[in-house]
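A.B. asks: One file: upload31.cif (mmCIF, C-alpha atoms).
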```cif
data_run
loop_
_atom_site.label_atom_id
_atom_site.label_comp_id
_atom_site.auth_asym_id
_atom_site.auth_seq_id
_atom_site.Cartn_x
_atom_site.Cartn_y
_atom_site.Cartn_z
CA MET M 1190 5.95 -16.52 -65.84
CA GLU M 1191 5.84 -14.46 -69.03
CA GLY M 1192 3.03 -15.26 -71.41
CA LYS M 1193 -0.54 -14.51 -72.34
CA MET M 1194 -3.83 -14.66 -70.47
CA LEU M 1195 -7.54 -14.13 -71.09
CA ALA M 1196 -9.10 -10.90 -69.79
CA ALA M 1197 -12.36 -8.99 -70.09
CA TYR M 1198 -11.95 -6.04 -72.41
CA PHE M 1199 -13.78 -3.24 -74.22
CA ASP M 1200 -12.41 -1.02 -76.99
CA ALA M 1201 -14.86 1.88 -76.67
CA PRO M 1202 -17.14 3.10 -73.86
CA GLY M 1203 -20.72 1.87 -74.07
CA GLY M 1204 -23.16 -0.85 -73.05
CA PRO M 1205 -22.49 -4.41 -71.88
CA GLU M 1206 -22.46 -5.59 -75.51
CA ASN M 1207 -19.07 -3.85 -75.93
CA LEU M 1208 -17.39 -6.35 -73.60
CA TYR M 1209 -15.42 -9.27 -75.00
CA ILE M 1210 -12.63 -11.66 -73.97
CA LYS M 1211 -9.16 -10.82 -75.25
CA ASP M 1212 -5.69 -12.40 -75.16
CA VAL M 1213 -3.42 -9.97 -73.32
CA THR M 1214 0.03 -10.04 -71.77
CA ARG M 1215 0.19 -11.69 -68.36
CA PRO M 1216 1.43 -9.27 -65.67
CA ILE M 1217 4.81 -9.74 -63.99
CA PRO M 1218 4.84 -8.95 -60.25
CA LYS M 1219 6.93 -5.90 -59.41
CA GLU M 1220 8.62 -4.96 -56.12
CA GLY M 1221 6.36 -5.96 -53.23
CA GLU M 1222 3.75 -7.56 -55.50
CA VAL M 1223 2.32 -11.06 -55.68
CA LEU M 1224 0.98 -12.75 -58.83
CA VAL M 1225 -2.39 -14.36 -58.21
CA GLN M 1226 -4.00 -16.92 -60.50
CA VAL M 1227 -7.62 -15.76 -60.42
CA HIS M 1228 -10.33 -18.40 -59.93
CA ALA M 1229 -13.25 -16.04 -59.31
CA SER M 1230 -13.85 -12.27 -59.50
CA ALA M 1231 -16.91 -10.20 -58.58
CA LEU M 1232 -18.61 -7.22 -60.23
CA ASN M 1233 -18.91 -3.74 -58.73
CA ARG M 1234 -20.82 -0.61 -59.76
CA ALA M 1235 -17.48 1.05 -60.58
CA ASP M 1236 -16.97 -1.58 -63.32
CA LEU M 1237 -20.21 -0.46 -64.98
CA LEU M 1238 -19.20 3.20 -64.76
CA GLN M 1239 -15.73 2.44 -66.15
CA ARG M 1240 -17.24 0.49 -69.05
CA ARG M 1241 -19.44 3.51 -69.86
CA GLY M 1242 -16.43 5.86 -69.77
CA MET M 1243 -17.72 7.60 -66.63
CA TYR M 1244 -15.04 6.58 -64.12
CA ALA M 1245 -11.60 8.19 -64.13
CA LEU M 1246 -9.03 5.53 -63.22
CA PRO M 1247 -6.58 6.27 -60.39
CA PRO M 1248 -3.02 6.88 -61.67
CA GLY M 1249 -1.30 3.61 -62.58
CA ALA M 1250 -4.46 1.48 -62.25
CA CYS M 1251 -4.87 -1.48 -64.59
CA GLN M 1252 -7.27 -0.83 -67.51
CA ILE M 1253 -8.81 -4.32 -67.14
CA LEU M 1254 -12.06 -4.36 -65.13
CA GLY M 1255 -12.33 -6.03 -61.73
CA LEU M 1256 -11.78 -4.65 -58.21
CA GLU M 1257 -11.67 -7.94 -56.29
CA ALA M 1258 -10.57 -11.50 -56.89
CA ALA M 1259 -9.95 -14.86 -55.25
CA GLY M 1260 -7.43 -17.50 -56.25
CA LYS M 1261 -3.95 -18.71 -55.38
CA VAL M 1262 -0.45 -17.24 -55.24
CA VAL M 1263 1.66 -18.44 -58.18
CA ALA M 1264 4.64 -16.04 -58.12
CA LEU M 1265 6.30 -13.57 -55.75
CA GLY M 1266 7.89 -10.30 -56.81
CA PRO M 1267 11.11 -9.05 -55.20
CA GLY M 1268 10.79 -7.81 -51.61
CA THR M 1269 7.43 -9.47 -51.05
CA ASP M 1270 5.94 -9.78 -47.58
CA GLU M 1271 7.18 -13.08 -46.09
CA ARG M 1272 3.66 -14.04 -44.97
CA TRP M 1273 2.76 -15.20 -48.47
CA LYS M 1274 3.96 -18.38 -50.17
CA ILE M 1275 3.39 -20.04 -53.55
CA GLY M 1276 0.12 -21.97 -53.39
CA ASP M 1277 -1.54 -19.85 -50.68
CA ARG M 1278 -5.29 -19.37 -51.21
CA VAL M 1279 -5.93 -15.61 -51.15
CA MET M 1280 -8.53 -12.94 -51.86
CA ALA M 1281 -7.46 -9.48 -52.95
CA LEU M 1282 -8.62 -5.88 -53.04
CA LEU M 1283 -7.60 -4.49 -56.44
CA SER M 1284 -7.40 -1.13 -58.18
CA GLY M 1285 -8.27 -3.03 -61.38
CA GLY M 1286 -7.40 -6.19 -63.31
CA GLY M 1287 -9.51 -8.81 -61.53
CA ASN M 1288 -11.56 -9.94 -64.55
CA ALA M 1289 -8.61 -11.89 -65.95
CA GLN M 1290 -6.75 -15.16 -65.43
CA TYR M 1291 -3.90 -13.49 -63.51
CA VAL M 1292 -3.46 -10.26 -61.59
CA ALA M 1293 -0.45 -8.67 -59.87
CA VAL M 1294 -1.36 -7.35 -56.41
CA PRO M 1295 0.58 -5.39 -53.74
CA SER M 1296 1.05 -7.95 -50.95
CA TYR M 1297 -0.59 -5.66 -48.36
CA GLN M 1298 -3.89 -5.91 -50.30
CA LEU M 1299 -4.08 -9.69 -49.88
CA MET M 1300 -6.12 -11.56 -47.28
CA PRO M 1301 -6.15 -15.30 -46.59
CA ILE M 1302 -9.30 -17.13 -47.70
CA PRO M 1303 -10.96 -18.47 -44.52
CA SER M 1304 -10.64 -22.22 -44.12
CA GLY M 1305 -13.38 -24.15 -45.92
CA MET M 1306 -14.61 -21.15 -47.92
CA SER M 1307 -15.09 -21.49 -51.69
CA ASP M 1308 -13.35 -19.21 -54.20
CA THR M 1309 -16.80 -17.94 -55.25
CA ASP M 1310 -17.70 -16.80 -51.72
CA ALA M 1311 -14.19 -15.39 -51.19
CA ALA M 1312 -14.43 -13.31 -54.39
CA ALA M 1313 -17.57 -11.68 -52.94
CA ILE M 1314 -15.68 -10.30 -49.93
CA PRO M 1315 -12.82 -7.85 -50.66
CA GLU M 1316 -14.33 -4.74 -52.28
CA ALA M 1317 -17.81 -4.96 -50.77
CA TRP M 1318 -16.83 -5.94 -47.24
CA LEU M 1319 -13.80 -3.63 -47.04
CA THR M 1320 -15.97 -0.77 -48.34
CA ALA M 1321 -18.65 -1.48 -45.73
CA PHE M 1322 -16.06 -1.85 -42.96
CA GLN M 1323 -14.36 1.39 -44.02
CA LEU M 1324 -17.65 3.33 -44.18
CA LEU M 1325 -18.76 2.16 -40.75
CA HIS M 1326 -15.48 2.30 -38.82
CA PHE M 1327 -12.94 4.53 -40.61
CA VAL M 1328 -15.42 7.15 -41.93
CA GLY M 1329 -18.67 6.93 -39.96
CA LYS M 1330 -16.99 6.02 -36.62
CA VAL M 1331 -19.94 3.79 -35.65
CA GLN M 1332 -20.58 3.35 -31.93
CA LYS M 1333 -22.37 0.56 -30.11
CA GLY M 1334 -26.12 1.19 -29.91
CA GLU M 1335 -26.25 3.64 -32.83
CA THR M 1336 -28.79 3.29 -35.64
CA VAL M 1337 -27.41 2.99 -39.19
CA LEU M 1338 -29.62 3.48 -42.28
CA ILE M 1339 -28.16 1.52 -45.21
CA HIS M 1340 -29.37 2.31 -48.73
CA ALA M 1341 -29.30 -0.53 -51.30
CA GLY M 1342 -29.53 -2.94 -48.38
CA ALA M 1343 -29.47 -6.04 -50.62
CA SER M 1344 -26.37 -5.01 -52.57
CA GLY M 1345 -22.91 -6.44 -51.90
CA VAL M 1346 -21.96 -3.48 -49.68
CA GLY M 1347 -25.44 -3.40 -48.14
CA THR M 1348 -25.51 -7.08 -47.10
CA ALA M 1349 -22.00 -6.69 -45.67
CA ALA M 1350 -22.88 -3.49 -43.79
CA ILE M 1351 -25.94 -5.09 -42.14
CA GLN M 1352 -23.80 -7.89 -40.73
CA LEU M 1353 -20.92 -5.60 -39.71
CA CYS M 1354 -23.40 -3.32 -37.90
CA ARG M 1355 -24.59 -6.28 -35.86
CA LEU M 1356 -20.99 -7.27 -35.13
CA ALA M 1357 -20.31 -3.71 -33.87
CA GLY M 1358 -23.46 -3.69 -31.70
CA ALA M 1359 -25.21 -1.12 -33.91
CA ILE M 1360 -28.79 -1.30 -35.23
CA PRO M 1361 -29.05 -1.61 -39.04
CA MET M 1362 -32.08 -0.41 -41.03
CA VAL M 1363 -32.23 -0.61 -44.81
CA THR M 1364 -33.91 0.61 -47.96
CA ALA M 1365 -34.36 -1.57 -51.04
CA GLY M 1366 -36.62 -1.69 -54.09
CA SER M 1367 -38.42 -5.04 -53.68
CA ALA M 1368 -40.01 -7.26 -51.03
CA ASP M 1369 -37.50 -10.05 -51.76
CA LYS M 1370 -34.56 -7.74 -51.15
CA LEU M 1371 -36.05 -6.45 -47.90
CA GLN M 1372 -36.71 -10.01 -46.77
CA LEU M 1373 -33.05 -10.96 -47.31
CA ALA M 1374 -31.89 -7.84 -45.43
CA LYS M 1375 -34.06 -8.72 -42.44
CA LYS M 1376 -32.83 -12.32 -42.52
CA LEU M 1377 -29.26 -10.96 -42.27
CA GLY M 1378 -30.15 -8.84 -39.23
CA ALA M 1379 -31.78 -5.61 -40.41
CA ALA M 1380 -34.07 -4.30 -37.66
CA ALA M 1381 -36.35 -2.65 -40.24
CA GLY M 1382 -36.61 -2.35 -44.02
CA PHE M 1383 -38.32 0.21 -46.25
CA ASN M 1384 -39.28 -0.08 -49.91
CA TYR M 1385 -38.14 3.31 -51.25
CA LYS M 1386 -40.35 2.88 -54.35
CA GLU M 1387 -43.56 2.50 -52.34
CA GLU M 1388 -43.09 4.34 -49.03
CA ASP M 1389 -41.46 7.42 -47.51
CA PHE M 1390 -38.37 5.90 -45.95
CA GLY M 1391 -37.60 9.14 -44.09
CA LYS M 1392 -40.86 9.01 -42.12
CA ARG M 1393 -40.67 5.22 -41.71
CA CYS M 1394 -37.10 5.39 -40.36
CA LEU M 1395 -38.21 7.95 -37.78
CA GLU M 1396 -41.15 5.78 -36.77
CA ALA M 1397 -38.98 2.66 -36.46
CA SER M 1398 -36.42 4.51 -34.28
CA ASN M 1399 -38.88 6.17 -31.86
CA ASN M 1400 -38.44 9.53 -33.65
CA VAL M 1401 -34.67 9.54 -33.07
CA GLY M 1402 -33.62 8.81 -36.65
CA ALA M 1403 -30.36 7.47 -38.04
CA ASP M 1404 -27.01 8.31 -36.45
CA ILE M 1405 -25.27 7.21 -39.67
CA ILE M 1406 -26.64 6.98 -43.23
CA LEU M 1407 -24.65 4.90 -45.74
CA ASP M 1408 -25.70 6.43 -49.08
CA CYS M 1409 -24.76 5.16 -52.53
CA VAL M 1410 -27.74 6.91 -54.16
CA GLY M 1411 -27.29 10.67 -53.68
CA ALA M 1412 -29.59 13.35 -55.06
CA THR M 1413 -32.90 11.48 -55.29
CA HIS M 1414 -32.79 10.60 -51.57
CA TRP M 1415 -31.40 13.81 -50.04
CA GLN M 1416 -34.59 15.28 -48.54
CA LYS M 1417 -35.68 12.03 -46.90
CA ASN M 1418 -32.12 11.45 -45.68
CA LEU M 1419 -32.13 14.82 -43.90
CA GLU M 1420 -35.60 14.18 -42.54
CA CYS M 1421 -34.46 11.05 -40.70
CA LEU M 1422 -30.86 12.07 -39.86
CA ASN M 1423 -30.42 12.31 -36.09
CA THR M 1424 -28.93 15.45 -34.51
CA ASP M 1425 -25.13 15.27 -34.93
CA GLY M 1426 -25.66 12.46 -37.46
CA ARG M 1427 -23.16 11.46 -40.16
CA TRP M 1428 -24.37 11.17 -43.76
CA VAL M 1429 -21.74 9.10 -45.58
CA VAL M 1430 -21.94 9.38 -49.39
CA TYR M 1431 -20.02 6.70 -51.31
CA GLY M 1432 -21.92 6.53 -54.62
CA LEU M 1433 -24.29 8.53 -56.82
CA MET M 1434 -26.66 6.03 -58.44
CA GLY M 1435 -29.39 8.70 -58.25
CA SER M 1436 -27.15 11.54 -59.57
CA GLY M 1437 -25.28 14.27 -57.71
CA GLN M 1438 -27.36 17.29 -58.79
CA ILE M 1439 -29.21 18.65 -55.74
CA ASN M 1440 -31.72 21.51 -56.00
CA GLY M 1441 -33.00 22.74 -52.65
CA ASP M 1442 -32.11 24.08 -49.24
CA LEU M 1443 -29.80 21.26 -48.20
CA LEU M 1444 -27.33 23.30 -46.14
CA SER M 1445 -29.79 24.99 -43.78
CA LYS M 1446 -31.46 21.64 -43.02
CA LEU M 1447 -28.04 20.04 -42.45
CA LEU M 1448 -26.96 22.94 -40.25
CA TRP M 1449 -30.13 22.71 -38.16
CA LYS M 1450 -29.38 19.01 -37.53
CA ARG M 1451 -25.70 19.78 -36.87
CA GLY M 1452 -25.13 17.00 -39.40
CA SER M 1453 -22.00 16.04 -41.31
CA ILE M 1454 -21.71 14.99 -44.96
CA LEU M 1455 -18.73 12.71 -45.47
CA GLY M 1456 -17.65 11.60 -48.95
CA SER M 1457 -15.75 8.37 -49.37
CA LEU M 1458 -14.20 6.37 -52.21
CA LEU M 1459 -11.97 3.33 -51.73
CA ARG M 1460 -10.37 2.73 -55.12
CA SER M 1461 -8.49 6.04 -55.18
CA ARG M 1462 -7.23 5.82 -51.56
CA PRO M 1463 -3.42 5.81 -51.06
CA SER M 1464 -1.62 2.53 -50.48
CA LYS M 1465 -0.96 3.26 -46.77
CA TYR M 1466 -4.70 3.68 -46.13
CA LYS M 1467 -5.54 0.45 -47.99
CA ALA M 1468 -2.86 -1.43 -46.04
CA GLU M 1469 -4.30 -0.18 -42.71
CA LEU M 1470 -7.85 -1.03 -43.82
CA VAL M 1471 -6.95 -4.57 -44.93
CA LYS M 1472 -5.02 -5.14 -41.67
CA ALA M 1473 -7.90 -3.88 -39.50
CA PHE M 1474 -10.48 -5.96 -41.38
CA THR M 1475 -8.28 -9.08 -41.29
CA GLU M 1476 -7.88 -8.75 -37.52
CA GLN M 1477 -11.34 -7.51 -36.52
CA ALA M 1478 -13.79 -9.11 -39.00
CA LEU M 1479 -12.18 -11.99 -40.93
CA PRO M 1480 -12.18 -14.44 -37.95
CA TYR M 1481 -16.00 -14.20 -37.85
CA PHE M 1482 -16.33 -15.78 -41.30
CA ALA M 1483 -15.45 -19.15 -39.76
CA PRO M 1484 -18.69 -21.19 -39.65
CA GLY M 1485 -20.35 -22.07 -36.36
CA GLY M 1486 -19.53 -18.93 -34.37
CA PRO M 1487 -22.19 -16.92 -32.54
CA THR M 1488 -21.73 -14.02 -34.98
CA HIS M 1489 -21.14 -15.77 -38.30
CA LEU M 1490 -20.46 -13.42 -41.22
CA GLN M 1491 -21.58 -14.65 -44.63
CA PRO M 1492 -20.84 -13.18 -48.08
CA ILE M 1493 -24.02 -13.16 -50.17
CA VAL M 1494 -23.65 -14.40 -53.75
CA ASP M 1495 -26.47 -13.52 -56.14
CA SER M 1496 -25.35 -15.42 -59.23
CA GLU M 1497 -22.36 -16.87 -61.06
CA TYR M 1498 -21.36 -16.39 -64.70
CA PRO M 1499 -18.44 -17.79 -66.72
CA LEU M 1500 -16.03 -15.05 -67.82
CA ASN M 1501 -17.22 -15.31 -71.44
CA GLN M 1502 -20.72 -14.28 -70.29
CA ILE M 1503 -19.50 -11.07 -68.65
CA ALA M 1504 -21.88 -8.98 -70.81
CA GLU M 1505 -24.89 -10.83 -69.33
CA ALA M 1506 -23.44 -10.37 -65.82
CA HIS M 1507 -23.09 -6.61 -66.38
CA GLN M 1508 -26.64 -6.43 -67.72
CA ARG M 1509 -27.99 -8.12 -64.59
CA MET M 1510 -26.31 -5.53 -62.37
CA GLU M 1511 -27.35 -2.67 -64.65
CA ASP M 1512 -30.98 -3.84 -64.34
CA ASN M 1513 -30.67 -3.86 -60.50
CA LYS M 1514 -31.72 -7.51 -60.43
CA ASN M 1515 -28.95 -8.74 -58.15
CA THR M 1516 -29.35 -9.49 -54.47
CA GLY M 1517 -25.77 -9.72 -53.20
CA LYS M 1518 -22.73 -10.15 -55.41
CA ILE M 1519 -22.47 -11.25 -59.04
CA VAL M 1520 -19.39 -13.48 -59.39
CA LEU M 1521 -17.44 -14.35 -62.53
CA GLN M 1522 -15.84 -17.80 -62.79
CA ILE M 1523 -12.43 -17.49 -64.47
CA PRO M 1524 -11.29 -20.40 -66.71
CA GLN M 1525 -7.96 -22.02 -65.82
#
```
Show me, as structure tokens, the structure contained in the file I just sent.

C.D. replies:
Amino acid sequence: MEGKMLAAYFDAPGGPENLYIKDVTRPIPKEGEVLVQVHASALNRADLLQRRGMYALPPGACQILGLEAAGKVVALGPGTDERWKIGDRVMALLSGGGNAQYVAVPSYQLMPIPSGMSDTDAAAIPEAWLTAFQLLHFVGKVQKGETVLIHAGASGVGTAAIQLCRLAGAIPMVTAGSADKLQLAKKLGAAAGFNYKEEDFGKRCLEASNNVGADIILDCVGATHWQKNLECLNTDGRWVVYGLMGSGQINGDLLSKLLWKRGSILGSLLRSRPSKYKAELVKAFTEQALPYFAPGGPTHLQPIVDSEYPLNQIAEAHQRMEDNKNTGKIVLQIPQ
């Protein structure tokens, strides 16, 4: 299987214009790895940060961008899990390398593509849905009947979290920056939506929850939202921070307000988690959520795809995400 492949690349940190397609060496699957021919791969905020030189890669992670992919198994490394065979349609959580024609993946990070699902939809699942599942269940410990406030409710993680809240019997509320994004969130099951650019989401969340507030806040924004977050955090609430789109520099009396609420701040990243954690997460998601992607069920889960770009238009795809224009996932189509 030795040879070359096309991959998205950049030589120096900077804007989307620095991205180009390069011929690189095709990976060879090591012990316990599977080689996947990538048909589609989706963008994540971490890709933008990495391109700008603002994201330290975990040790041993591939330099090529791309944290999720869908395609088929074309080679098995030694000692590979017997569940996987050549030709299997799979989607994968990656520590990097998805924006390329091939990627080598530890077998425990693979999931079967649900029957009848396209590669494009499948590519929109691994990073976003596993992140949302992890934040709700592994970190936030969501309970039936609890209220969850989800920032960036129309993002890949946001649209997944809304649906997973409903599956868990929780009540999702969201923030977003446009009427269209709020409309999509409500269509997916959000009980309420607040335009953070035009209204005080802290007050509105309290109003919408009969002055109880949010038991869990899923926050990828950070500093710019902290006061309103604390305003609407319920007593004993869990504020889960998994991104800092609005910076991490907080000036103000955060700790006394948090203490008064008996609140918890929980930080969570997925890419840097150890392999054992990722294996447990993939297993739990495969067993508890993946069956609900089958069409026709009473609780049908649906990945939301914003747009598709060929790999050679990756700069335009990055620009769309950088401009916050996407509603759902931006997916790259990888040439065969």

A.B. asks: Name the closest residue to Lys1333 of chain M among the candidates M:Ala1312, M:Cys1421, M:Leu1407, M:Leu1356; distances are taken between atoms, counting all atoms listed in the file.

C.D. replies: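 Smallest distance to Lys1333 of chain M is found for M:Leu1356.
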
A.B. asks: Please measure the separation of atom CA of Pro1248 of chain M and atom CA of Ser1464 of chain M, giving the value in Å to one decimal.

C.D. replies: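 The value is 12.1 Å.
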
A.B. asks: Give me, as a ChimeraX atom specification, all polymer residues having an atom no more than 9 Å from Leu1490 of chain M, counting all atoms listed in the file and skipping those fewer than 6 positions away in the same chain.

C.D. replies: /M:1349,1352-1353,1356,1478-1484

A.B. asks: Step by step, work through what the PyMOL selection byres ((chain M and resi 1254) around 12) selects in the shown file, and finish by giving those residues as a ChimeraX atom specification.

C.D. replies: /M:1196-1199,1208-1210,1230-1241,1244,1246,1250-1253,1255-1258,1283-1289,1292,1500,1503,1507,1521

A.B. asks: List the residues matched by the PyMOL selection byres ((chain M and resi 1326) around 12) in the displayed structure as a ChimeraX atom specification, ordered by chain and then by residue number.

C.D. replies: /M:1318-1325,1327-1333,1337,1350,1353-1354,1356-1357,1359,1405,1407,1429,1470,1473-1474,1477-1478

A.B. asks: Can you write out as a tab-separated table which residues of segment 1465-1513 of chain M fall within 12 Å of segment 1363-1378 of chain M, alongside each residue's closest atom pair and its distance in Å to one decimal, counting only C-alpha atoms and ordering rows by chain and ascending residue number?

C.D. replies:
```
residue	atom	partner	partner_atom	distance
M:Thr1488	CA	M:Gly1378	CA	10.8
M:His1489	CA	M:Leu1377	CA	10.2
M:Leu1490	CA	M:Leu1377	CA	9.2
M:Gln1491	CA	M:Leu1377	CA	8.8
M:Pro1492	CA	M:Leu1377	CA	10.5
M:Ile1493	CA	M:Leu1373	CA	9.7
M:Val1494	CA	M:Leu1373	CA	11.9
M:Asp1495	CA	M:Lys1370	CA	11.1
M:Asp1512	CA	M:Gly1366	CA	11.9
M:Asn1513	CA	M:Gly1366	CA	9.0
```

A.B. asks: Looking at M:Leu1195, M:Lys1465, M:Met1280, M:Asp1408, which one is nearest to Glu1316 of chain M, with distances taken over only C-alpha atoms?

C.D. replies: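 Smallest distance to Glu1316 of chain M is found for M:Met1280.
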
A.B. asks: List the residues selected by the PyMOL selection byres ((chain M and resi 1291) around 7) in the file shown, writing them as a list in words.

C.D. replies: Arg1215, Leu1224, Val1225, Gln1226, Val1227, Ala1289, Gln1290, Val1292 and Ala1293 of chain M

A.B. asks: May I ask for the distance between atom CA of Lys1274 of chain M and atom CA of Gly1192 of chain M, given in Å to one decimal place?

C.D. replies: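 Atom CA of Lys1274 of chain M sits 21.5 Å away from atom CA of Gly1192 of chain M.
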
A.B. asks: Please indicate the distance in Å from atom CA of Ala1229 of chain M to atom CA of Gly1260 of chain M, rounded to one decimal place.

C.D. replies: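 Between atom CA of Ala1229 of chain M and atom CA of Gly1260 of chain M the gap works out to 6.7 Å.
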
A.B. asks: My list of candidates is M:Arg1460, M:Ala1281, M:Trp1415, M:Phe1383. Which is closest to Asp1442 of chain M when distances are computed with only C-alpha atoms?

C.D. replies: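 Residue with the minimum atom-to-atom distance to Asp1442 of chain M: M:Trp1415.
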
A.B. asks: Rank M:Arg1278, M:Val1410, M:Gly1242, M:Arg1451 by their smallest atom-to-atom distance to Asp1200 of chain M, using all atoms listed in the file, and report the top residue only.

C.D. replies: M:Gly1242

A.B. asks: Go through M:Pro1216, M:Asn1423, M:Gly1221, M:Val1430 and flag the residue nearest Leu1459 of chain M, using all atoms listed in the file for the distances.

C.D. replies: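 The closest residue to Leu1459 of chain M is M:Val1430.
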
A.B. asks: I'd like to know which of M:Val1223, M:Ala1379, M:Leu1338, M:Met1362 is closest to Leu1422 of chain M, using all atoms listed in the file.

C.D. replies: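 That would be M:Leu1338, the residue with the smallest distance to Leu1422 of chain M.
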
A.B. asks: So that I can see what lies close to Ser1344 of chain M, please list as a PyMOL selection string the residues with an atom at most 8 Å from it, counting all atoms listed in the file and leaving out residues fewer than 4 positions away in the same chain.

C.D. replies: chain M and resi 1348+1515-1518

A.B. asks: To test the calculation: enclose all listed atoms of segment 1503-1521 of chain M in a box whose edges run along x, y and z, add 6 Å on each side, then state centre and edge lengths in Å to one decimal, as AutoDock Vina command-line options.

C.D. replies:
```
--center_x -24.6 --center_y -8.5 --center_z -62.0 --size_x 26.3 --size_y 23.7 --size_z 29.6
```

A.B. asks: Take the point (-26.3, 18.3, -57.4) as written in the file and pick out every residue within 12 Å of it, counting all atoms listed in the file; give the list as a list in words.

C.D. replies: Val1410, Gly1411, Ala1412, Thr1413, His1414, Trp1415, Leu1433, Gly1435, Ser1436, Gly1437, Gln1438, Ile1439, Asn1440, Gly1441, Asp1442 and Leu1443 of chain M

A.B. asks: Assuming the input is short of atoms at segment 1365-1377 of chain M, produce N, CA and C atoms for that part as a short mmCIF file (atom, residue, chain, number, x, y, z; two decimals), in the coordinates of the input.

C.D. replies:
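Ended up saving to part22.cif:
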```cif
data_model
loop_
_atom_site.label_atom_id
_atom_site.label_comp_id
_atom_site.auth_asym_id
_atom_site.auth_seq_id
_atom_site.Cartn_x
_atom_site.Cartn_y
_atom_site.Cartn_z
N ALA M 1365 -34.56 -0.74 -49.84
CA ALA M 1365 -34.36 -1.57 -51.04
C ALA M 1365 -35.61 -1.41 -51.91
N GLY M 1366 -35.55 -1.94 -53.14
CA GLY M 1366 -36.62 -1.69 -54.09
C GLY M 1366 -37.58 -2.84 -54.31
N SER M 1367 -37.48 -3.92 -53.51
CA SER M 1367 -38.42 -5.04 -53.68
C SER M 1367 -38.60 -5.76 -52.35
N ALA M 1368 -39.71 -6.49 -52.25
CA ALA M 1368 -40.01 -7.26 -51.03
C ALA M 1368 -38.97 -8.35 -50.80
N ASP M 1369 -38.51 -8.98 -51.89
CA ASP M 1369 -37.50 -10.05 -51.76
C ASP M 1369 -36.20 -9.51 -51.17
N LYS M 1370 -35.80 -8.33 -51.64
CA LYS M 1370 -34.56 -7.74 -51.15
C LYS M 1370 -34.68 -7.35 -49.67
N LEU M 1371 -35.83 -6.81 -49.30
CA LEU M 1371 -36.05 -6.45 -47.90
C LEU M 1371 -36.07 -7.69 -47.01
N GLN M 1372 -36.65 -8.76 -47.54
CA GLN M 1372 -36.71 -10.01 -46.77
C GLN M 1372 -35.31 -10.54 -46.50
N LEU M 1373 -34.43 -10.51 -47.50
CA LEU M 1373 -33.05 -10.96 -47.31
C LEU M 1373 -32.36 -10.09 -46.27
N ALA M 1374 -32.54 -8.76 -46.37
CA ALA M 1374 -31.89 -7.84 -45.43
C ALA M 1374 -32.30 -8.14 -44.00
N LYS M 1375 -33.58 -8.42 -43.80
CA LYS M 1375 -34.06 -8.72 -42.44
C LYS M 1375 -33.52 -10.06 -41.95
N LYS M 1376 -33.40 -11.02 -42.87
CA LYS M 1376 -32.83 -12.32 -42.52
C LYS M 1376 -31.38 -12.17 -42.06
N LEU M 1377 -30.67 -11.20 -42.63
CA LEU M 1377 -29.26 -10.96 -42.27
C LEU M 1377 -29.11 -10.15 -40.98
#
```
